[in-house]
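> One structure follows; several queries about it will come next.
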Amino acid sequence: MAGKRRFNLCVVGATGLVGKEIVSILEDREFPVRSLRLFASQRSAGEKMEFRGEELTVEPLEDASFEGMDIGLFSPGASVSKVYAPKAVSQGCVVIDNTSRFRMEPDVPLVVPEVNPHRIGDYKNRGIIANPNCSTIQMVVALKPIHERFRIRRVVVSTYQSVSGAGKAAMDELSDQVRMLFNMRGFECRVFPHQIAFNCIPHIDVFLENDYTKEEMKMVMETKKIMEDDSIRVTATCVRVPVFVGHSEAINIETEEPLTADEVRDILKDAPGVEVVDDPQGALYPMPVDCSERDEVFVGRIREDDTVENGINLWVVSDNLRKGAALNAVQIAELLIKEYL
Ligand code: L14
């Protein structure tokens, strides 16, 4: 569009799975980019990446200046964001951070555009907007419209999380192990604590003092913050499964108001960012192989739980690299430039 304002962007952690996804989504959605710079660790500096038909060279983050940059999309390790996000902010760049580093800080907004877009303005507090955990994002996109209508009291969620959440090396570990096992050869576990091929590992991120994992507690804490309701009780079991891309979740909810499966299906059909795939007779329900490289949060297996007064079960699947990370961050950036910059 002629005369439309364009922005100077950078991607930090550009060579990671999420970083690459961010670059391709900026291009696909025609984000008004004036200039794009790519930063990564010393190890990945010098790599070439393509953006809008142009070849860009990845620069080392170490000596990066953020002067003149409008928005930084950060997806490095949490320890990297801890140092470089404040540095970018001090040089006038607004940071949208994908790591867990700032999510629970009270003055940092934690945003899912379909759920709490009105929080984006709080970027002014610290110059940072946090992007939630992948498993939390897809869950709250499905739960928010149900909460608005029926008031959710309690959530019990079990996740089936793909290996891509843990990065490229984790995807390689799964495919290497599958090949080694077929060839009856031994293999090593480097990324995951146990064999992931043909296995399920109920252990994502580190264990905490309460015997839950940090991934599980992120789902508990982040859900309350994003839904702006501390009274919602959430308990989670997070499991790594041998799937490459796409997280799945079995979610049981209890609500204040009575509800039927049909009512929930109707509400979700019109919900932003949601696609209902729910035809049991036709064997139709969301699965990661169908949902990867898609933008929506897919919901199926919607049914009443008659073991409690007002209960519903759902099955929710989404691409963890897109809505769970890169897409959500770019959607935040789109609202940020539309409303504030
Ligand atoms: O909190 O290993 O953003 O799948 C998301 C991916 C934590 C680790 C986060 C994984 C990360 C998680």
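In the structure tokens, chains take letters A, B, ... by order of appearance, with residues numbered from 1 within each chain and ligands from 1 in the order shown.
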What parts of region 134-307 of chain A does DSSP call helix (DSSP H, G or I)? I'd like the answer as a ChimeraX atom specification.
/A:134-150,163-166,168-182,214-227,261-269,280-282,288-291
> As a quick test: using only C-alpha atoms and all ligand atoms, which residues lie no more than 10 Å away from ligand 1? Give them as a VMD selection string.
chain A and resid 75 77 to 78 97 to 101 103 131 to 136 161 to 167 170 191 to 192 203 to 206 214 to 216 218 to 219 238 to 240 247 320 to 321 324 to 325
> Pick out the residues sitting within 10 Å of Gly186 (chain A), and hand them over as an MDAnalysis selection string; count only C-alpha atoms, and ignore anything fewer than 4 positions along from it in its own chain.
chainID A and resid 177 180:181
> Hey, can you check how far CA of Ile146 (chain A) sits from CA of Glu293 (chain A)?
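Distance between the two atoms: 25.8 Å.
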> Which residue, A:Val140, A:Tyr84, A:Val234, A:Val330, has the smallest gap to Val297 (chain A) when you use only C-alpha atoms?
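The closest residue to Val297 (chain A) is A:Val140.
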> So how far away is CA of Arg233 (chain A) from CA of Glu105 (chain A), in Å?
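According to the coordinates, CA of Glu105 (chain A) and CA of Arg233 (chain A) are separated by 20.0 Å.
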> Skipping near chain neighbours, those fewer than 3 positions away, what residues fall within 6 Å of region 276-282 of chain A using only C-alpha atoms, listed as a list of chain:residue names?
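Listing them by chain and then by number gives A:Lys269, A:Tyr285, A:Pro286, A:Phe298, A:Val299, A:Gly300, A:Arg301.
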> Which residues, written as an MDAnalysis selection string, have at least one atom at most 12 Å from region 34-51 of chain A, with only C-alpha atoms counted and residues fewer than 5 positions away on the same chain left out?
chainID A and resid 4:16 19:28 56:77 80:81 84
> What's the separation between CA of Glu173 (chain A) and CA of Leu17 (chain A), in Å to one decimal place?
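Distance reported for this atom pair: 14.7 Å.
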> Could you check which of A:Ala236, A:Ala197, A:Ile129, A:Met171 is closest to Asp211 (chain A), using only C-alpha atoms?
A:Ala236
> Could you produce a table of the residues of region 235-319 of chain A lying within 12 Å of region 106-118 of chain A, with the nearest pair of atoms per residue and their separation in Å rounded to one decimal, using only C-alpha atoms, ordered by chain and increasing residue number, as a tab-separated table?

```
residue	atom	partner	partner_atom	distance
A:Ala271	CA	A:Glu114	CA	8.6
A:Pro272	CA	A:Glu114	CA	6.1
A:Gly273	CA	A:Glu114	CA	6.9
A:Val274	CA	A:Glu114	CA	9.5
A:Glu296	CA	A:Glu114	CA	11.2
A:Val297	CA	A:Glu114	CA	11.0
```
> Generate a file of the selected residues that holds all heavy atoms, formatted as a PDB file, in the first residue's frame.

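Result saved to out-v4.pdb:
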```pdb
ATOM      1  N   ALA A 271     -15.788 -18.742  17.208  1.00  0.00           N
ATOM      2  CA  ALA A 271     -14.711 -18.155  18.019  1.00  0.00           C
ATOM      3  C   ALA A 271     -13.519 -17.797  17.137  1.00  0.00           C
ATOM      4  O   ALA A 271     -13.165 -18.542  16.217  1.00  0.00           O
ATOM      5  CB  ALA A 271     -14.291 -19.133  19.106  1.00  0.00           C
ATOM      6  N   PRO A 272     -12.888 -16.640  17.422  1.00  0.00           N
ATOM      7  CA  PRO A 272     -11.736 -16.222  16.609  1.00  0.00           C
ATOM      8  C   PRO A 272     -10.561 -17.190  16.761  1.00  0.00           C
ATOM      9  O   PRO A 272     -10.233 -17.611  17.865  1.00  0.00           O
ATOM     10  CB  PRO A 272     -11.375 -14.845  17.184  1.00  0.00           C
ATOM     11  CG  PRO A 272     -11.977 -14.808  18.547  1.00  0.00           C
ATOM     12  CD  PRO A 272     -13.190 -15.684  18.505  1.00  0.00           C
ATOM     13  N   GLY A 273      -9.967 -17.541  15.638  1.00  0.00           N
ATOM     14  CA  GLY A 273      -8.775 -18.390  15.659  1.00  0.00           C
ATOM     15  C   GLY A 273      -9.048 -19.865  15.868  1.00  0.00           C
ATOM     16  O   GLY A 273      -8.121 -20.662  15.951  1.00  0.00           O
ATOM     17  N   VAL A 274     -10.343 -20.228  15.961  1.00  0.00           N
ATOM     18  CA  VAL A 274     -10.697 -21.622  16.244  1.00  0.00           C
ATOM     19  C   VAL A 274     -11.339 -22.258  15.019  1.00  0.00           C
ATOM     20  O   VAL A 274     -12.104 -21.612  14.309  1.00  0.00           O
ATOM     21  CB  VAL A 274     -11.698 -21.704  17.427  1.00  0.00           C
ATOM     22  CG1 VAL A 274     -12.194 -23.138  17.629  1.00  0.00           C
ATOM     23  CG2 VAL A 274     -11.074 -21.154  18.695  1.00  0.00           C
ATOM     24  N   GLU A 296      -4.813 -22.146  12.615  1.00  0.00           N
ATOM     25  CA  GLU A 296      -5.900 -22.198  13.593  1.00  0.00           C
ATOM     26  C   GLU A 296      -5.587 -23.110  14.775  1.00  0.00           C
ATOM     27  O   GLU A 296      -4.704 -23.945  14.724  1.00  0.00           O
ATOM     28  CB  GLU A 296      -7.189 -22.705  12.925  1.00  0.00           C
ATOM     29  CG  GLU A 296      -7.707 -21.838  11.799  1.00  0.00           C
ATOM     30  CD  GLU A 296      -7.052 -22.153  10.456  1.00  0.00           C
ATOM     31  OE1 GLU A 296      -6.085 -22.946  10.407  1.00  0.00           O
ATOM     32  OE2 GLU A 296      -7.505 -21.580   9.449  1.00  0.00           O
ATOM     33  N   VAL A 297      -6.413 -22.937  15.811  1.00  0.00           N
ATOM     34  CA  VAL A 297      -6.471 -23.896  16.909  1.00  0.00           C
ATOM     35  C   VAL A 297      -7.669 -24.802  16.596  1.00  0.00           C
ATOM     36  O   VAL A 297      -8.789 -24.316  16.427  1.00  0.00           O
ATOM     37  CB  VAL A 297      -6.659 -23.177  18.256  1.00  0.00           C
ATOM     38  CG1 VAL A 297      -6.946 -24.181  19.374  1.00  0.00           C
ATOM     39  CG2 VAL A 297      -5.418 -22.332  18.573  1.00  0.00           C
TER      40      VAL A 297
END
```
